[in-house]
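Undergrad: Okay, handing you the structure first.
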Amino acid sequence: MGFYAKLNPPFSQDEEPERMFIHTAMDALEPDGILAAVVYAGIFADDEHRAWRESFLREHTLLGMISLPEDIFYPTAAPTSIMIAAAQIPHGNKKVFMSRIWNDGYEKLKGRRVPVPGGQLSEVASAFHTFLKNKPIKSQICTTIDGNMMANGEEWSPQLWLPQPQASQAEVKAAQENVLQSIFRCVAHHPDMADVVLPNFGNQYSKLPPLPTNKEEPLSFFFDIQNGKSSGIKNYQEGATPYVSSGDATNSVIGMTTGPGAEIFKTGAITLTAFGNAALQPWPFLARGNGGSSVRVLIPKFNMSVRELIWFCAQLNMQRWRFFYARMAIKGRISESNFKFKSPKRRLPDNANNIAKKLKKFRQTLKTESKLW
């Protein structure tokens, strides 16, 4: 191969987009010379750079994309990726190496990054060299894809192409419990929400077709995906309807407000924030609109119990790693065919449990236990 260029910008100056830096670097290399650069990840994901990605592959070969931890350039938290490419050789249908590193051997602690066990750098480096030798990769955090899948400017983000790691039963259970605990934390923060819980929540989907079990499909197979319809919460007066925005705390509910009836999701649903946090809303609610940072609302297409809705919330949260500021959970991305979910192996009935009664009891317990003695 030709000369190597190892570069680490990773962020552009004003009016000098990262693509111009990459373009200049590739032009400076001899044919088959290798570029390795750490670059802001947005240009590999957004539609604005689709045409650039398409034209790049007509001129050069993309060898690999490796996503890095978001705190690696602390104190910034911008997402970055290592881009590796061979200059002036059209890509064609060559395979592309994809990987994601979430543990580089350090973590942020009290304003600095300190060593931790479990670093993945050596595993990814070894897998990439195996890829260059055209040998099969044996790694759970790396994969390869056919280059022709990206010929039309498709994303280069590893977050799109990597398969979901296999989760243990304990991890799945913990993710489900966190969904339920989030609802209770919300009522602890907004006690009046116990009064607006739908008394029949979990039964309103009973007339829909039965949920297919143990079936792996895109999210759009199981849910009707809609965008939130409401403007910012400051545009409404205080009221009795929960307002869901793109935050994590208190089940993504940031206040109680009023709003036009047409903007209210009256039967409850699953909400998904722009950054991939899923929450179950067992009450009528308003959801933030406003473009890419809108809240997505998932309305079941099948008869689902509360436990089954919690199941899907947990599955979504375990794939939250796919989304970041430059790659938000917009409707198109969460509808993609390779963003798949498996329904439970068997139906999960609610039995005698009623979430409305539980939340009212919980609110009363808070009142009782918080009295002075």
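Ligands are numbered from 1 in the order shown, residues from 1 within each chain, and chains are lettered A, B, ... in the order they appear in the structure tokens.
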Neighbouring residues of stretch 177-188 of chain A were defined as those with any atom within 7 Å, considering only C-alpha atoms; residues of the same chain fewer than 6 positions away were excluded. Please report them as a PyMOL selection string.

TA: chain A and resi 194+250-251+279+310+313-314+359+363

Undergrad: Next, dump the selected residues to file, keeping only C-alpha atoms, as a compact mmCIF listing (two decimals), in the first residue's frame.

TA:
```txt
# COMPACT_ATOMS: atom_id res chain seq x y z
CA ALA A 194 -51.71 9.00 40.13
CA THR A 250 -39.25 11.07 35.80
CA ASN A 251 -40.35 8.91 32.86
CA ALA A 279 -40.89 4.97 28.66
CA ILE A 310 -42.88 -3.04 29.40
CA CYS A 313 -39.79 -0.61 26.35
CA ALA A 314 -36.95 -2.65 27.82
CA LEU A 359 -49.80 3.88 41.57
CA ARG A 363 -48.90 7.77 46.21
```

Undergrad: Using only C-alpha atoms, I'd like a table of the residues in stretch 24-131 of chain A that come within 8 Å of stretch 149-164 of chain A; for each, show the closest atom pair and its distance in Å rounded to one decimal, ordered by chain and ascending number, as a Markdown table.

TA:
```
| residue | atom | partner | partner_atom | distance |
| --- | --- | --- | --- | --- |
| A:Ala41 | CA | A:Ser157 | CA | 7.5 |
| A:Phe44 | CA | A:Trp156 | CA | 5.0 |
| A:Ala45 | CA | A:Glu155 | CA | 4.9 |
| A:Asp46 | CA | A:Glu155 | CA | 7.5 |
| A:His49 | CA | A:Gly153 | CA | 8.0 |
| A:Arg50 | CA | A:Gly153 | CA | 4.6 |
| A:Ala51 | CA | A:Gly153 | CA | 5.9 |
| A:Trp52 | CA | A:Gly153 | CA | 7.4 |
| A:Arg53 | CA | A:Gly153 | CA | 5.0 |
| A:Glu54 | CA | A:Gly153 | CA | 4.2 |
| A:Ser55 | CA | A:Gly153 | CA | 7.9 |
| A:Leu57 | CA | A:Ala151 | CA | 7.1 |
| A:Met65 | CA | A:Pro158 | CA | 6.5 |
| A:Ile66 | CA | A:Pro158 | CA | 6.7 |
| A:Ser67 | CA | A:Pro158 | CA | 6.4 |
| A:Met98 | CA | A:Pro158 | CA | 5.4 |
| A:Ser99 | CA | A:Pro158 | CA | 5.9 |
| A:Arg100 | CA | A:Pro158 | CA | 6.4 |
```

Undergrad: Please list as a ChimeraX atom specification every residue within 8 Å of stretch 109-121 of chain A, counting only C-alpha atoms and excluding residues in the same chain fewer than 6 positions away.

TA: /A:74-75,101-103

Undergrad: Any idea what's packed within 12 Å of stretch 134-138 of chain A, counting only C-alpha atoms, ignoring anything in its chain fewer than 6 positions away? Could you give it as a PyMOL selection string?

TA: chain A and resi 63+94-99+123-128+144-145

Undergrad: Which residues, written as a PyMOL selection string, have at least one atom at most 8 Å from A:Met83, with only C-alpha atoms counted and residues fewer than 4 positions away on the same chain left out?

TA: chain A and resi 35-39+62-66

Undergrad: Deliver the residues from the most recent selection as a file, using C-alpha atoms, as a compact mmCIF listing (two decimals), in the first residue's frame.

TA:
```txt
# COMPACT_ATOMS: atom_id res chain seq x y z
CA LEU A 35 -6.12 7.47 5.92
CA ALA A 36 -7.02 6.92 9.58
CA ALA A 37 -8.78 9.88 11.17
CA VAL A 38 -10.90 10.54 14.26
CA VAL A 39 -13.84 12.60 13.02
CA LEU A 62 -13.94 2.86 2.88
CA LEU A 63 -12.16 0.19 4.90
CA GLY A 64 -13.66 0.64 8.33
CA MET A 65 -15.68 2.71 10.79
CA ILE A 66 -15.11 2.42 14.55
```

Undergrad: Using the chain letters and numbers from this document, which residues of stretch 295-346 of chain A does DSSP assign to alpha helix (DSSP H), as a list in words?

TA: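 So, restricting stretch 295-346 of chain A to alpha helix (DSSP H), we get Val306, Arg307, Glu308, Leu309, Ile310, Trp311, Phe312, Cys313, Ala314, Gln315, Leu316, Asn317, Lys331, Gly332, Arg333 and Ile334 of chain A.
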
Undergrad: To test your reading of the structure, identify every residue in stretch 66-193 of chain A that backbone DSSP assigns to strand (DSSP E or B), and report it as a list in words.

TA: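 Those residues are Ile66, Ser67, Thr80, Ser81, Ile82, Met83, Ile84, Ala85, Ala86, Lys95, Val96, Phe97, Met98, Ser99, Arg100, Tyr106, Glu107, Lys108, Leu109, Arg112, Arg113, Val114, Pro115, Cys142, Thr143, Thr144, Ile145 and Asp146 of chain A.
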
Undergrad: Dump N, CA and C atoms for the selected residues as a compact mmCIF listing (two decimals), in the first residue's frame?

TA:
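Generated file (part.txt):
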```txt
# COMPACT_ATOMS: atom_id res chain seq x y z
N ILE A 66 -15.15 2.87 13.16
CA ILE A 66 -15.11 2.42 14.55
C ILE A 66 -15.63 3.55 15.43
N SER A 67 -16.76 3.33 16.05
CA SER A 67 -17.37 4.33 16.92
C SER A 67 -16.65 4.34 18.27
N THR A 80 -17.72 10.67 18.26
CA THR A 80 -16.66 10.60 17.26
C THR A 80 -16.49 9.17 16.77
N SER A 81 -15.92 9.02 15.59
CA SER A 81 -15.63 7.72 15.03
C SER A 81 -14.26 7.74 14.35
N ILE A 82 -13.60 6.60 14.34
CA ILE A 82 -12.38 6.44 13.55
C ILE A 82 -12.80 6.01 12.15
N MET A 83 -12.39 6.79 11.16
CA MET A 83 -12.64 6.46 9.76
C MET A 83 -11.33 5.98 9.15
N ILE A 84 -11.35 4.82 8.49
CA ILE A 84 -10.16 4.27 7.84
C ILE A 84 -10.51 4.05 6.36
N ALA A 85 -9.71 4.63 5.46
CA ALA A 85 -10.03 4.57 4.04
C ALA A 85 -8.77 4.46 3.20
N ALA A 86 -8.91 3.86 2.03
CA ALA A 86 -7.83 3.74 1.05
C ALA A 86 -8.09 4.72 -0.08
N LYS A 95 -16.17 -5.18 1.15
CA LYS A 95 -16.73 -5.20 2.49
C LYS A 95 -16.16 -4.05 3.32
N VAL A 96 -16.93 -3.65 4.33
CA VAL A 96 -16.53 -2.58 5.24
C VAL A 96 -16.55 -3.12 6.67
N PHE A 97 -15.50 -2.83 7.40
CA PHE A 97 -15.39 -3.24 8.80
C PHE A 97 -16.16 -2.25 9.67
N MET A 98 -16.99 -2.76 10.57
CA MET A 98 -17.77 -1.91 11.47
C MET A 98 -17.58 -2.39 12.91
N SER A 99 -17.33 -1.43 13.81
CA SER A 99 -17.20 -1.78 15.22
C SER A 99 -17.58 -0.59 16.09
N ARG A 100 -17.87 -0.89 17.33
CA ARG A 100 -18.20 0.15 18.32
C ARG A 100 -17.45 -0.14 19.61
N TYR A 106 -10.79 3.43 29.86
CA TYR A 106 -10.88 4.56 30.78
C TYR A 106 -12.34 4.94 30.97
N GLU A 107 -12.63 5.59 32.08
CA GLU A 107 -13.95 6.15 32.31
C GLU A 107 -13.81 7.50 33.01
N LYS A 108 -14.83 8.34 32.84
CA LYS A 108 -14.80 9.68 33.44
C LYS A 108 -15.18 9.58 34.91
N LEU A 109 -14.34 10.15 35.77
CA LEU A 109 -14.59 10.13 37.21
C LEU A 109 -14.07 11.44 37.81
N ARG A 112 -12.06 13.73 35.43
CA ARG A 112 -10.91 13.21 34.70
C ARG A 112 -11.19 11.77 34.30
N ARG A 113 -10.39 11.25 33.39
CA ARG A 113 -10.58 9.88 32.91
C ARG A 113 -9.56 8.98 33.60
N VAL A 114 -10.06 7.92 34.22
CA VAL A 114 -9.21 7.02 35.00
C VAL A 114 -9.28 5.62 34.40
N PRO A 115 -8.22 4.82 34.56
CA PRO A 115 -8.20 3.47 33.99
C PRO A 115 -9.27 2.57 34.61
N CYS A 142 -17.73 -6.56 16.59
CA CYS A 142 -17.32 -6.16 15.24
C CYS A 142 -18.12 -6.94 14.21
N THR A 143 -18.27 -6.36 13.05
CA THR A 143 -18.94 -7.05 11.95
C THR A 143 -18.44 -6.48 10.64
N THR A 144 -18.83 -7.09 9.53
CA THR A 144 -18.54 -6.55 8.21
C THR A 144 -19.84 -6.47 7.42
N ILE A 145 -19.91 -5.49 6.52
CA ILE A 145 -21.09 -5.36 5.66
C ILE A 145 -20.63 -5.18 4.23
N ASP A 146 -21.49 -5.54 3.29
CA ASP A 146 -21.18 -5.37 1.88
C ASP A 146 -21.23 -3.89 1.51
```

Undergrad: Pick out the closest residue to A:Ala78 from this set: A:Lys371, A:Lys340, A:Lys360, A:Arg327. Count only C-alpha atoms.

TA: A:Arg327

Undergrad: Skip A:Phe265 itself and residues of its chain fewer than 3 positions away, then list as an MDAnalysis selection string all residues within 8 Å of it, counting only C-alpha atoms.

TA: chainID A and resid 268:269 284:286

Undergrad: With all heavy atoms kept, could you save the residues just selected as a PDB file, in the first residue's frame?

TA:
```pdb
ATOM      1  N   GLY A 268     -52.787   6.565  26.219  1.00  0.00           N
ATOM      2  CA  GLY A 268     -51.465   6.179  26.679  1.00  0.00           C
ATOM      3  C   GLY A 268     -50.698   5.483  25.566  1.00  0.00           C
ATOM      4  O   GLY A 268     -51.250   5.194  24.509  1.00  0.00           O
ATOM      5  N   ALA A 269     -49.429   5.204  25.779  1.00  0.00           N
ATOM      6  CA  ALA A 269     -48.601   4.556  24.754  1.00  0.00           C
ATOM      7  C   ALA A 269     -47.176   4.464  25.269  1.00  0.00           C
ATOM      8  O   ALA A 269     -46.873   4.840  26.411  1.00  0.00           O
ATOM      9  CB  ALA A 269     -48.655   5.346  23.442  1.00  0.00           C
ATOM     10  N   PRO A 284     -53.230   9.608  29.653  1.00  0.00           N
ATOM     11  CA  PRO A 284     -53.266  10.511  28.501  1.00  0.00           C
ATOM     12  C   PRO A 284     -52.101  11.500  28.632  1.00  0.00           C
ATOM     13  O   PRO A 284     -51.773  11.931  29.740  1.00  0.00           O
ATOM     14  CB  PRO A 284     -54.615  11.222  28.636  1.00  0.00           C
ATOM     15  CG  PRO A 284     -55.426  10.347  29.534  1.00  0.00           C
ATOM     16  CD  PRO A 284     -54.457   9.709  30.475  1.00  0.00           C
ATOM     17  N   PHE A 285     -51.486  11.874  27.519  1.00  0.00           N
ATOM     18  CA  PHE A 285     -50.314  12.747  27.616  1.00  0.00           C
ATOM     19  C   PHE A 285     -50.141  13.579  26.346  1.00  0.00           C
ATOM     20  O   PHE A 285     -50.664  13.244  25.273  1.00  0.00           O
ATOM     21  CB  PHE A 285     -49.045  11.923  27.865  1.00  0.00           C
ATOM     22  CG  PHE A 285     -48.694  10.981  26.735  1.00  0.00           C
ATOM     23  CD1 PHE A 285     -47.834  11.366  25.708  1.00  0.00           C
ATOM     24  CD2 PHE A 285     -49.230   9.698  26.692  1.00  0.00           C
ATOM     25  CE1 PHE A 285     -47.518  10.500  24.673  1.00  0.00           C
ATOM     26  CE2 PHE A 285     -48.920   8.816  25.651  1.00  0.00           C
ATOM     27  CZ  PHE A 285     -48.065   9.220  24.645  1.00  0.00           C
ATOM     28  N   LEU A 286     -49.403  14.653  26.509  1.00  0.00           N
ATOM     29  CA  LEU A 286     -48.923  15.460  25.392  1.00  0.00           C
ATOM     30  C   LEU A 286     -47.465  15.092  25.154  1.00  0.00           C
ATOM     31  O   LEU A 286     -46.728  14.796  26.104  1.00  0.00           O
ATOM     32  CB  LEU A 286     -49.023  16.945  25.713  1.00  0.00           C
ATOM     33  CG  LEU A 286     -50.427  17.542  25.839  1.00  0.00           C
ATOM     34  CD1 LEU A 286     -50.374  18.852  26.617  1.00  0.00           C
ATOM     35  CD2 LEU A 286     -51.022  17.779  24.464  1.00  0.00           C
TER      36      LEU A 286
END
```

Undergrad: Between atom CA of A:Asp224 and atom CA of A:Leu298, what is the spacing in Å?

TA: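 Atom-to-atom, atom CA of A:Leu298 and atom CA of A:Asp224 are spaced 5.7 Å apart.
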
Undergrad: Applying 7 Å and only C-alpha atoms, which residues near A:Asn227 remain after dropping the ones on its own chain fewer than 4 positions away? List them as a PyMOL selection string.

TA: chain A and resi 289+294-297

Undergrad: How far is it from atom CA of A:Ile89 to atom CA of A:Arg58, in Å with one decimal?

TA: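 If I compute the distance from atom CA of A:Ile89 to atom CA of A:Arg58, I get 8.2 Å.
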
Undergrad: In Å, with one decimal, what is the gap from atom CA of A:Lys229 to atom CA of A:Gln281?

TA: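 That distance, rounded to one decimal, is 15.6 Å.
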
Undergrad: From the list A:Gly261, A:Pro344, A:Pro210, A:Pro199, which residue is nearest A:Met304 when using only C-alpha atoms?

TA: A:Pro210
